Amino acid sequence: MLSLALATIRLRWASFVGSFVALACGVALMATSILVIGATCDVPDQGRQRFSRAPVLVTANRTIDFKAASGDTMPTPVAIQPGLPAELIAAVARTGRTVEDRTFYAQLADGPREQVGRAWSSAALGGYRLAAGSAPSADDQIVIGGGRPDQIGKQVRFVTADGPHTATVSGVTEAVPFEHAVFFTDAQAARYCPAVGVLAAFGPADSVRQAVDAAGGTRAARVLTGSERSQADPHYVELSSQLNDVQTPLGLSAAVSGGTAVFVVAGTFALSIAQRRRELALLRLIGATRKQLRTLVNREALVVGMLASVAGCVLGAIGAPLAGRWLIDHDMVPADFTVPISWWGLLVAALIGLLTAMSGVVLSSLKAGLVSPGEALMEADVERRSRGALAFRWFSGLLVLGGGIAAIVITARSWPDAAANAADSLGLLLAVVAGCVLLAGVLAGPVIRTLTVLPALLARLRGRPAEDGGGIVWATARQNSLTAFRRTAATTTPVVLIIAFAGCLLGSIDTINRSQVTEVRNQLSAADFVVMPAGTPGLSRAVVDRVRAVPGVQALVITPTSVMADQDGQALVPFRAATADATALAEVDRLPVVAGSPADLGPDSIVLSRTWPGSPRAGQQVSVRLADGTPRTLRVAAVLGTGAEATQAWVTGPNAVTGGVGGPALASQIHLRLLPGADRQQTATALQTAVHGLGARLATPKEIWSAAADSNEKASWNALLMILGLAIGYAAIALANSLVMTVTDRKRELSLLRLAGATKAQVLRTVAVETLMCVAAGTVLGVLGTAISIGGSWAALTNLVGPTPAVVPWAAMGVLAACCAAIALTAAVLPAVLALRGRDGQNILRGVAGAA
């Protein structure tokens, strides 16, 4: 059977080109994804780092014990580390020389947003050397990392968490790649940041560990040596988080490429079996068993899979570095990111490719085994519908689509916050798409009848037969598309996949983004102005005090913090929270209150989102832990209908831990409402004067939600490119391959049309119109799936944040439909032109006789 399979592939290579190309592309993309994911698992060696010259590091690691529902006790790090205890610092100091590192917010007037302040004694830990000048010897002196020699001796202005300051530049160092630092005297750094986050120790590592164990152990600190020291560097943490964010879309891309490759291979082999039914029946007639036919099809798939896997691995090895460069160009990974080529990654991709090929022909091999010997004599050119296949399509399609719709309805009613997260709602979208794809083959005919009903009605109004509506080309194309159901299904299904997948994904993402903008707009509907950071990570205390001092405004100062809660007995999870004054929270912002009132927020209460674990109710007592792990039992003052991406808890100052390692927290925004009688123009001028030169700017609520819309769209687009592009590319391959396969087997049919009197132009127009009918039917079904998906997202988000618009990506779907039409026309008309070449007069008769 292997030799017969090889002979079949060699003689009918056109039938396997689509499977080979799709599978090779799938293996290449999976190999690329696996290699890139492997490269993101380890942060690249950064060489010099903040603590590269320290042999041992002791980092703050305060943990609290959480007893899970299973009975296990899990140590959980607190959300905001308070710093190393004084007794632990003293114990480690007894083992040898130590250097305390205090890192805090300090930004020069023209400095970058991520600039930090540090003590000069810790500069040596990163290998800093003075390029000019001297170390700071007084509290009003600083050293600028990467500064210019001409700055020495000059006074510069800088901002810390408490406001603006001035200092004299005593020296500058060379620039380093891992941070932008401003160095102070140790005493001044201790005033700006009392907490010690990292302690560099130069004594024996074992002695340091013993000292840490005696002073609290792993519940208070971690001891890092060797390569582990890089984990204490904020640059390392930032890079690690950045690389982790890339892994999710890459994993989804690999899953989409694998799943779509199975679909393409399955569709290609199913069409091949339908075209070779007589051939298989002849094999049965001369003695081949059902098992041998199944083996034949499986061997064909195995050969195609092996060849495609090898080609895909070669392409993957070439494409992985290019993918890494694409990620760098889109600022998704650091500039020094590289993708090494590993044999295990290529091997895994090749094995997945073989498994994909064999999985895609399971049904086809079973169908081949059911061919009876008598079909070699009985089979006619007219296609016959298989009742079993028809029933399977109806059952599986309705089951998947119905299940997806039911899940969407349940989610919209019970868990609307899940619909606000693109990753969580992706499974529901794929269920809708899969249901539409499964039903495409059986719904294509009714949709085509519906789309072509107008010419038939016009013909009847004129007293002519319905078949004459639209002309002979239209009627012939319509009948062809309705009777050749396999060809129609093979053309329609990829179009449904392209339109539905793109519409569901883009529409749902845009609807989610718009709902987040709606939430921001609703929250700021009563505000007149917003004070935002301008090139700084937050707003200093000086900004807050000056804005509050402006007459005629009521200010809501929002300072981010964290509150930890029991997540269904599985873990203690930090949730996004913020501090607020109760009166200002109730009067300046318009929060989506479900129950209770934000005005009741006090020292013993909390305002929670309804997405909070346990579905809290107003007046209920809830157990939480503050950001430093302190336990609290608070009364729920109000429940909000906010989404998971918004602030999920509001607390007052006594329950807000906003300072620790890194110094005091900065306010994120100040929402302002004009008091009655205040002049808007005069107040705006006073506010602009108050924030001038402090790294803040005055904005209107409209500017804020417009910026939020742009930010959301930019953040989601790169991930969509990786996922959506793969599915569309695969479906386009399937569309072109199916049409090429079917048109090359239509030589007899096209020749008979010419023999009946049709010109070449009429035959080609018939093929083109038939193809466009199938594309139109697929587009309609794709739009239907899109409407279901977006409707579900819209219903859930409306239930979550209130009235919000649904976004339908008409432009994107229109462009994709036009691309499908162009691909389909090219793949259908060009082979038809070649098939009709030279077929005139007697040549047509000889061609028909030869085909018979």
# chains A, B, ... in the order shown; residues from 1 in each chain; ligands from 1
>>> residues_around(residues="A:Thr633", least_positions_apart="4", cutoff="7 Å", atoms="only C-alpha atoms", output="ChimeraX atom specification")
/A:621-624
>>> write_last_selection(atoms="N, CA, C and O atoms", output="compact mmCIF listing (two decimals), in the first residue's frame")
# COMPACT_ATOMS: atom_id res chain seq x y z
N GLN A 621 -20.18 41.72 55.94
CA GLN A 621 -18.82 41.79 56.45
C GLN A 621 -17.93 40.87 55.61
O GLN A 621 -18.26 39.72 55.38
N VAL A 622 -16.80 41.40 55.14
CA VAL A 622 -15.88 40.62 54.34
C VAL A 622 -14.49 40.65 54.99
O VAL A 622 -14.10 41.67 55.58
N SER A 623 -13.78 39.55 54.88
CA SER A 623 -12.42 39.46 55.41
C SER A 623 -11.44 39.72 54.28
O SER A 623 -11.49 39.05 53.25
N VAL A 624 -10.57 40.69 54.47
CA VAL A 624 -9.57 41.03 53.46
C VAL A 624 -8.23 41.18 54.17
O VAL A 624 -8.14 41.19 55.39
>>> select_by_dssp(residues="stretch 87-314 of chain A", states="alpha helix (DSSP H)", output="PyMOL selection string")
chain A and resi 87-93+186-192+205-214+234-275+277-285+290-314
>>> closest_residue(among="A:Ala489, A:Ala571, A:Ile142, A:Met358", to="A:Asp72", atoms="only C-alpha atoms")
A:Ala571
>>> closest_residue(among="A:Phe529, A:Trp415, A:Phe395, A:Trp343", to="A:Ala684", atoms="only C-alpha atoms")
A:Phe529
>>> atom_distance(atom1="atom CA of A:Thr766", atom2="atom CA of A:Ala822")
15.8 Å
>>> select_by_dssp(residues="stretch 67-247 of chain A", states="strand (DSSP E)", output="ChimeraX atom specification")
/A:67,73-77,98-101,104-108,116-119,130-133,141-145,155-160,163-173,181-184,198-201,221-225
>>> residues_around(residues="stretch 815-820 of chain A", least_positions_apart="4", cutoff="8 Å", atoms="only C-alpha atoms", output="MDAnalysis selection string")
chainID A and resid 495 498:499 732 735 775 779 811 824
>>> write_last_selection(atoms="C-alpha atoms", output="short mmCIF file (atom, residue, chain, number, x, y, z; two decimals), in the first residue's frame")
data_model
loop_
_atom_site.label_atom_id
_atom_site.label_comp_id
_atom_site.auth_asym_id
_atom_site.auth_seq_id
_atom_site.Cartn_x
_atom_site.Cartn_y
_atom_site.Cartn_z
CA VAL A 495 -14.98 31.97 3.62
CA ILE A 498 -12.30 33.87 7.55
CA ILE A 499 -15.27 36.23 7.99
CA ALA A 732 -7.18 31.35 2.11
CA LEU A 735 -10.15 28.18 -0.39
CA VAL A 775 -18.30 33.49 -1.48
CA THR A 779 -19.88 35.95 3.88
CA ALA A 811 -14.69 47.58 7.06
CA ALA A 824 -11.61 32.42 -5.24
#
>>> residues_around(residues="stretch 209-215 of chain A", least_positions_apart="2", cutoff="12 Å", atoms="only C-alpha atoms", output="VMD selection string")
chain A and resid 56 to 61 84 to 96 199 201 203 to 207 217 to 225
>>> residues_around(residues="A:Gln141", least_positions_apart="6", cutoff="6 Å", atoms="only C-alpha atoms", output="count of residues only")
4
>>> residues_around(residues="A:Asp545", least_positions_apart="2", cutoff="12 Å", atoms="only C-alpha atoms", output="JSON list (two decimals) with N, CA and C atoms, in the first residue's frame")
[["chain", "number", "residue", "atom", "x", "y", "z"],
["A", 162, "ASP", "N", 7.35, 63.64, 47.47],
["A", 162, "ASP", "CA", 6.79, 64.73, 48.27],
["A", 162, "ASP", "C", 6.80, 66.07, 47.55],
["A", 163, "GLY", "N", 7.40, 66.13, 46.33],
["A", 163, "GLY", "CA", 7.34, 67.37, 45.59],
["A", 163, "GLY", "C", 8.67, 67.76, 44.97],
["A", 539, "LEU", "N", 1.59, 61.41, 40.33],
["A", 539, "LEU", "CA", 1.49, 62.78, 40.80],
["A", 539, "LEU", "C", 2.09, 62.88, 42.19],
["A", 540, "SER", "N", 2.99, 63.83, 42.39],
["A", 540, "SER", "CA", 3.65, 63.99, 43.68],
["A", 540, "SER", "C", 2.70, 64.64, 44.70],
["A", 541, "ARG", "N", 3.16, 64.62, 45.94],
["A", 541, "ARG", "CA", 2.35, 65.22, 47.01],
["A", 541, "ARG", "C", 2.18, 66.71, 46.78],
["A", 542, "ALA", "N", 3.17, 67.36, 46.21],
["A", 542, "ALA", "CA", 3.07, 68.80, 45.94],
["A", 542, "ALA", "C", 1.94, 69.09, 44.96],
["A", 543, "VAL", "N", 1.78, 68.24, 43.94],
["A", 543, "VAL", "CA", 0.69, 68.43, 42.99],
["A", 543, "VAL", "C", -0.65, 68.31, 43.70],
["A", 547, "VAL", "N", -3.29, 71.44, 44.00],
["A", 547, "VAL", "CA", -4.60, 71.34, 43.37],
["A", 547, "VAL", "C", -5.70, 71.51, 44.40],
["A", 548, "ARG", "N", -5.53, 70.91, 45.56],
["A", 548, "ARG", "CA", -6.54, 71.05, 46.62],
["A", 548, "ARG", "C", -6.65, 72.50, 47.11],
["A", 549, "ALA", "N", -5.58, 73.26, 46.98],
["A", 549, "ALA", "CA", -5.59, 74.64, 47.45],
["A", 549, "ALA", "C", -6.28, 75.59, 46.47],
["A", 550, "VAL", "N", -6.54, 75.14, 45.25],
["A", 550, "VAL", "CA", -7.23, 75.99, 44.27],
["A", 550, "VAL", "C", -8.68, 76.14, 44.70],
["A", 555, "ALA", "N", -11.93, 68.01, 44.91],
["A", 555, "ALA", "CA", -10.94, 67.10, 44.35],
["A", 555, "ALA", "C", -11.11, 65.69, 44.89],
["A", 556, "LEU", "N", -11.05, 64.73, 43.99],
["A", 556, "LEU", "CA", -10.99, 63.31, 44.34],
["A", 556, "LEU", "C", -9.60, 62.82, 43.96],
["A", 557, "VAL", "N", -8.76, 62.60, 44.96],
["A", 557, "VAL", "CA", -7.39, 62.14, 44.74],
["A", 557, "VAL", "C", -7.39, 60.62, 44.76],
["A", 667, "ALA", "N", 0.03, 59.48, 43.56],
["A", 667, "ALA", "CA", -1.36, 59.50, 43.10],
["A", 667, "ALA", "C", -1.39, 59.29, 41.58],
["A", 670, "ILE", "N", -6.25, 62.93, 39.62],
["A", 670, "ILE", "CA", -7.09, 63.77, 40.48],
["A", 670, "ILE", "C", -8.29, 64.19, 39.66],
["A", 687, "LEU", "N", -5.66, 76.14, 37.94],
["A", 687, "LEU", "CA", -5.20, 74.75, 38.02],
["A", 687, "LEU", "C", -3.96, 74.53, 37.15],
["A", 690, "ALA", "N", -1.08, 75.87, 38.97],
["A", 690, "ALA", "CA", -0.74, 75.06, 40.14],
["A", 690, "ALA", "C", 0.10, 73.84, 39.76],
["A", 691, "VAL", "N", -0.16, 73.23, 38.62],
["A", 691, "VAL", "CA", 0.54, 72.00, 38.26],
["A", 691, "VAL", "C", 1.73, 72.25, 37.34],
["A", 694, "LEU", "N", 5.51, 70.57, 37.51],
["A", 694, "LEU", "CA", 5.52, 69.49, 38.50],
["A", 694, "LEU", "C", 5.27, 68.12, 37.88]]
>>> residues_around(residues="A:Ala190", least_positions_apart="5", cutoff="9 Å", atoms="only C-alpha atoms", output="list in words")
Arg102, Ala119, Thr185, Ala195 and Val196 of chain A
>>> closest_residue(among="A:Glu749, A:Asp42, A:Glu519, A:Glu770", to="A:Pro340", atoms="only C-alpha atoms")
A:Asp42
>>> closest_residue(among="A:Thr658, A:Thr611, A:Thr683, A:Gln49", to="A:Ser227", atoms="only C-alpha atoms")
A:Gln49
